[in-house]
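K.L.:
One structure, as structure tokens, below. Some questions next.
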Amino acid sequence: MAVKKIITRLLLLVCLLALPVVASPEREEGAVSSQATDDFTLQLRWSDQAQFMGYYAAAALGYYEQENLNVALLPGGIGIEPMGAVREGRADAVVEWLSTVLISQAAGTQLVNVAQIFQRSGITIICHRDRGIVHREQLRNRTFSVWLNGSEVPLVKWLDSLRTELDEPLASARMIEQVGALEDWNSGVSDCVSALIYNEYWTLLESGLPLSSTTIFKFEDLGFNLLEDGIYVDAQRLTDPEFVDRLGRFLRASIRGWKYALERPREAVDLVIQVNPSLDRLHQIRMAEEIVGLVATDQHPLGLLQIEDYDRTTALLEGSLGAKNGVEQNVAHHAWTHDLWYQITSDEQSAFSIEVRYRLEEILSTRWFYILDLIGTLAFGIAGFVRAEQRHYDIWGALVLTSLPAIGGGTVRDLLVGGDRYPPFIFTDSTYIYIVLAVVFVGALTNFYRRSSRAILEQFPRIFLVIDTIGLAAFAIIGAKVAIVAQLDWYWIPFLAALTCAGGGVLLDIFTAQEPRTFKGIMYEEVAILGGLFLAAMLYFGRYVDDIERHIVVSIIMTFFLVFFTRIAIVRFGWRALQLR
């Protein structure tokens, strides 16, 4: 009995000790620790509504508290300048449009985008259909009510494009500053008014206005949209490690809140209404459903600013606001950073930053490099045609052998990489096929007049060497670029550079029953490998420079000349690769 009592008491003691653990819910990731709570204030662009439901969800669900933050959400409204709260130190961050932020830079407010919540634009122009506005051609002599401070830019640019597209000018179109939400529409002062697809648009429909009496132009569909709700902070404060730490925790909790809101928009609306019970729930649900479409995309991670969207917005702004708002004609760039986004997410930043990959592809798509690429295609194609002439092939055989070195390596590369490289480049740009056809046509015509293409080339060996080497340098850079943009491991960079340059030549040798010459000591793909590795090394350090575009241009030029002069030196001095005995 004594033993039984002892066992019973031990079991009772274990149960008592385990009781707090059982009674306490399992701590969620990022649960509150014993650290002191830090204050953080976010200034919203407008009043409490579903437009900001992600932040309210993060607050109501305790996500901020789990990051040891006490977050205050300051609503905006008429007469409130959101960025003024940051400038005056009343807020740590602000939800704002990029157009407004760039305009404010002229006044000395240097804000930086640390997260981009809205990936699409909600700006629309709603016109009176009963006034005969059905198509864009009927916008002549119309009056537009638009919001200013950057919001009018899409309309200005769109009307400019219509002036050149339509037969008659739209110079008579008149814009006036929009007062309030829809007063100009209700009063009939304007033929068309600005509206947000998630707010004023639904206000009109809820007022009883039939949809059939309106004509809607969405700037998102027209390609003249701006970047809207992003999170901005004072650039000076990003040098403060304590602030950066608080900001990172705020962004991490906010993104969690937005993920919840996107998955459960109706529940998120209820959390917003808890803060402002006067809101109309049905209107807020409609707003939330539209917001989901503006925030969530399959292509881009939540909160990560896409550089192409930033460039499009700045391109729309440049030169269009200077006279009216005192903005410099060259809109400031780099008013954003990706660093915090990578710090707060589980995504690992690759060896080459998003901007390096984007700018590299953008620069190599310019006309000057495209011409170098075509020169290389021409030189490689000539080499293939000469082989066909030596073998006395017919036109079809000449066409195949001309194609192999000209486009074979790049085609095989694109088939291996896939993704954005599919379908291969030869199916998306017919210029390369035209070059191949031109080489075969001119070569056949030359042969018809009893002149050998090989004999002609032997008369100008230096010229052909230069042309061929230009192609080698251009192809090496393109192959390396494909690997970098596709975010492949580093060792694929020299491999794709070599494949782009020598892959077609190897195929040519195989098709004509010869041992590949590049395997027998002729240094060709080795030069491409050198170029690929050099370009990769230069671009890797791009994250540490301020002017990334200039750095990429310099890297490309240096790589081009490195490959070019290395190849010339190899031919000049007869260098050969080390061969196995």
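By convention in this document, the chains of the structure tokens carry letters A, B, ... by their order, each chain's residues are numbered from 1, and ligands are numbered from 1 in the order they are shown.
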Hey, what's within 10 Å of Phe561 of chain A if we count only C-alpha atoms and toss same-chain stuff fewer than 6 positions away? As a ChimeraX atom specification, please?

P.N.:
/A:470,473,531,567

K.L.:
Kindly export the residues of the current selection with N, CA, C and O atoms, as a PDB file, in the first residue's frame.

P.N.:
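Final file, selection.pdb:
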ATOM      1  N   ILE A 470      34.020  39.101 -82.933  1.00  0.00           N
ATOM      2  CA  ILE A 470      32.905  39.908 -82.413  1.00  0.00           C
ATOM      3  C   ILE A 470      31.746  39.003 -82.036  1.00  0.00           C
ATOM      4  O   ILE A 470      31.126  39.150 -80.973  1.00  0.00           O
ATOM      5  N   ALA A 473      32.537  37.068 -78.782  1.00  0.00           N
ATOM      6  CA  ALA A 473      32.385  37.887 -77.581  1.00  0.00           C
ATOM      7  C   ALA A 473      30.907  38.127 -77.259  1.00  0.00           C
ATOM      8  O   ALA A 473      30.479  38.020 -76.102  1.00  0.00           O
ATOM      9  N   GLY A 531      35.275  34.529 -70.515  1.00  0.00           N
ATOM     10  CA  GLY A 531      34.381  35.682 -70.548  1.00  0.00           C
ATOM     11  C   GLY A 531      33.196  35.528 -69.615  1.00  0.00           C
ATOM     12  O   GLY A 531      32.807  36.478 -68.929  1.00  0.00           O
ATOM     13  N   ARG A 567      41.023  36.253 -77.849  1.00  0.00           N
ATOM     14  CA  ARG A 567      40.895  35.445 -79.064  1.00  0.00           C
ATOM     15  C   ARG A 567      41.893  35.895 -80.131  1.00  0.00           C
ATOM     16  O   ARG A 567      42.545  35.062 -80.795  1.00  0.00           O
TER      17      ARG A 567
END

K.L.:
What's the 7 Å shell around Asp92 of chain A, counting only C-alpha atoms, without same-chain residues fewer than 2 positions away, as a ChimeraX atom specification?

P.N.:
/A:40-42,86,89,233

K.L.:
Quick one: of A:Thr559, A:Ile548, A:Pro423, A:Ala351, who's nearest to Ile478 of chain A, counting only C-alpha atoms?

P.N.:
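Closest to Ile478 of chain A of all the choices is A:Thr559.
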
K.L.:
Using only C-alpha atoms, find the one residue out of A:Phe534, A:Phe219, A:Tyr432, A:Phe564 that sits nearest to Lys157 of chain A.

P.N.:
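Of A:Phe534, A:Phe219, A:Tyr432, A:Phe564, the one nearest Lys157 of chain A is A:Phe219, counting only C-alpha atoms.
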
K.L.:
Which residues, written as a list in words, have at least one atom at most 10 Å from Phe52 of chain A, with only C-alpha atoms counted and residues fewer than 3 positions away on the same chain left out?

P.N.:
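Contacts, with the query itself left out: Leu44, Arg45, Trp46, Ser47, Asp48, Gln49, Tyr55, Tyr56, Ala57, Leu73, Pro75, Val95, Ile117, Asp229, Trp258, Ala261, Ala268, Val269, Val272, Ala288 and Ile291 of chain A.
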
K.L.:
If you count only C-alpha atoms, which residues fall within 9 Å of segment 118-128 of chain A, apart from same-chain ones fewer than 6 positions away, as a PyMOL selection string?

P.N.:
chain A and resi 134+144+146+151+154-155+185+190-198+201+213-220+225-230+290-291+293-297+300+302-306+309

K.L.:
Selected residues, C-alpha atoms, written as a compact mmCIF listing (two decimals), in the first residue's frame, please.

P.N.:
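Heads up, here's the output in selection_23.txt:
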# COMPACT_ATOMS: atom_id res chain seq x y z
CA VAL A 134 -18.47 54.65 -75.65
CA PHE A 144 -12.00 65.32 -67.18
CA VAL A 146 -8.82 64.16 -62.03
CA SER A 151 -2.58 60.83 -60.15
CA PRO A 154 -1.73 58.25 -66.56
CA LEU A 155 -4.54 60.30 -68.13
CA TRP A 185 -19.92 63.30 -61.51
CA SER A 190 -17.33 66.71 -66.01
CA ASP A 191 -17.79 64.15 -68.72
CA CYS A 192 -15.32 61.79 -67.02
CA VAL A 193 -13.97 61.48 -63.47
CA SER A 194 -11.13 59.67 -61.71
CA ALA A 195 -12.18 56.69 -59.63
CA LEU A 196 -10.56 53.81 -57.82
CA ILE A 197 -11.91 50.46 -58.87
CA TYR A 198 -12.18 49.40 -55.23
CA TYR A 201 -16.53 52.81 -58.69
CA SER A 213 -24.75 54.09 -68.26
CA THR A 214 -20.99 54.22 -67.73
CA THR A 215 -17.91 53.65 -69.85
CA ILE A 216 -14.83 52.60 -67.89
CA PHE A 217 -11.19 52.89 -68.95
CA LYS A 218 -8.79 50.99 -66.66
CA PHE A 219 -5.24 52.28 -66.79
CA GLU A 220 -3.96 48.87 -65.69
CA ASN A 225 -0.80 52.54 -64.57
CA LEU A 226 1.21 53.79 -61.58
CA LEU A 227 2.57 51.99 -58.55
CA GLU A 228 0.12 52.62 -55.75
CA ASP A 229 0.11 51.61 -52.07
CA GLY A 230 3.68 50.93 -50.97
CA GLU A 290 -11.05 44.21 -55.50
CA ILE A 291 -8.01 44.79 -53.27
CA GLY A 293 -6.86 41.32 -57.13
CA LEU A 294 -4.54 44.32 -56.83
CA VAL A 295 -2.28 42.78 -54.18
CA ALA A 296 -2.08 39.07 -55.01
CA THR A 297 -0.21 37.90 -58.12
CA HIS A 300 5.54 38.16 -57.86
CA LEU A 302 3.89 39.61 -51.78
CA GLY A 303 5.55 42.89 -50.83
CA LEU A 304 8.49 42.70 -53.24
CA LEU A 305 8.81 45.74 -55.50
CA GLN A 306 9.20 44.80 -59.16
CA ASP A 309 6.91 48.43 -62.47

K.L.:
Could you pull the residues within 7 Å of Leu340 of chain A, counting only C-alpha atoms, minus those fewer than 4 positions along the same chain, as a VMD selection string?

P.N.:
chain A and resid 114 248 344

K.L.:
For those residues, write C-alpha atoms to a file as a compact mmCIF listing (two decimals), in the first residue's frame.

P.N.:
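Written out: result-v4.txt:
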# COMPACT_ATOMS: atom_id res chain seq x y z
CA VAL A 114 10.76 49.14 -48.39
CA GLY A 248 11.97 44.69 -40.26
CA ILE A 344 12.16 39.31 -43.23

K.L.:
Excluding Gly542 of chain A and residues on its chain fewer than 2 positions from it, collect all residues at most 8 Å away from it, counting only C-alpha atoms, and give them as a CSV table (one decimal) with N, CA, C and O atoms, in the first residue's frame.

P.N.:
chain,number,residue,atom,x,y,z
A,352,PHE,N,23.2,37.1,-57.6
A,352,PHE,CA,23.0,38.4,-58.3
A,352,PHE,C,21.6,38.9,-57.9
A,352,PHE,O,20.6,38.2,-58.0
A,356,VAL,N,20.3,43.6,-60.6
A,356,VAL,CA,21.4,43.2,-61.5
A,356,VAL,C,20.8,42.4,-62.7
A,356,VAL,O,21.1,42.6,-63.9
A,538,MET,N,32.3,40.2,-62.1
A,538,MET,CA,32.0,41.7,-62.1
A,538,MET,C,30.6,42.0,-61.6
A,538,MET,O,30.4,42.9,-60.8
A,539,LEU,N,29.6,41.2,-62.1
A,539,LEU,CA,28.2,41.5,-61.7
A,539,LEU,C,28.0,41.1,-60.3
A,539,LEU,O,27.1,41.7,-59.6
A,540,TYR,N,28.7,40.2,-59.7
A,540,TYR,CA,28.5,39.8,-58.3
A,540,TYR,C,28.7,41.0,-57.4
A,540,TYR,O,28.0,41.1,-56.4
A,544,TYR,N,27.3,46.1,-54.4
A,544,TYR,CA,28.1,47.0,-53.5
A,544,TYR,C,28.3,48.4,-54.2
A,544,TYR,O,29.0,49.2,-53.6
A,545,VAL,N,27.7,48.6,-55.3
A,545,VAL,CA,28.0,49.9,-56.0
A,545,VAL,C,26.7,50.7,-56.0
A,545,VAL,O,25.6,50.1,-55.9
A,548,ILE,N,24.3,51.1,-60.4
A,548,ILE,CA,24.3,49.7,-60.9
A,548,ILE,C,24.3,49.6,-62.4
A,548,ILE,O,24.9,48.8,-63.0
A,551,HIS,N,27.7,50.3,-63.7
A,551,HIS,CA,28.5,49.2,-63.4
A,551,HIS,C,28.3,48.0,-64.4
A,551,HIS,O,29.3,47.4,-64.9
A,552,ILE,N,27.0,47.8,-64.7
A,552,ILE,CA,26.7,46.7,-65.7
A,552,ILE,C,27.3,47.0,-67.0
A,552,ILE,O,27.8,46.1,-67.7

K.L.:
Which one of A:Ile103, A:Ala513, A:Ala115, A:Ala536 sits closest to Leu360 of chain A if you count only C-alpha atoms?

P.N.:
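Checking each of A:Ile103, A:Ala513, A:Ala115, A:Ala536 against Leu360 of chain A, counting only C-alpha atoms, the winner is A:Ala536.
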
K.L.:
Please identify the strand (DSSP E) residues within segment 92-327 of chain A (assignment by DSSP from backbone atoms) and present them as a ChimeraX atom specification.

P.N.:
/A:93-96,111-116,123-128,143-146,174-177,192-196,214-218,230-234

K.L.:
So the first atom is atom CA of Ile557 of chain A and the second is atom CA of Lys481 of chain A; what is the distance between them in Å, to one decimal place?

P.N.:
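These atoms are spaced 13.7 Å apart.
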
K.L.:
Quick one: residues within 12 Å of Gln487 of chain A, only C-alpha atoms counted, chain neighbours fewer than 4 positions away excluded, as a list in words?

P.N.:
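Those residues are Glu348, Gln349, Ser350, Ala351, Phe352, Ser353, Ile354, Val356, Arg357, Tyr358, Val417, Gly419, Asp420, Ala480, Lys481, Val482, Ala483, Tyr491, Trp492, Ile493 and Ala536 of chain A.
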
K.L.:
Counting only C-alpha atoms, figure out which residue out of A:Leu364, A:Val442, A:Val94, A:Ala50 gets nearest to Gln284 of chain A.

P.N.:
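Smallest distance to Gln284 of chain A is found for A:Ala50.
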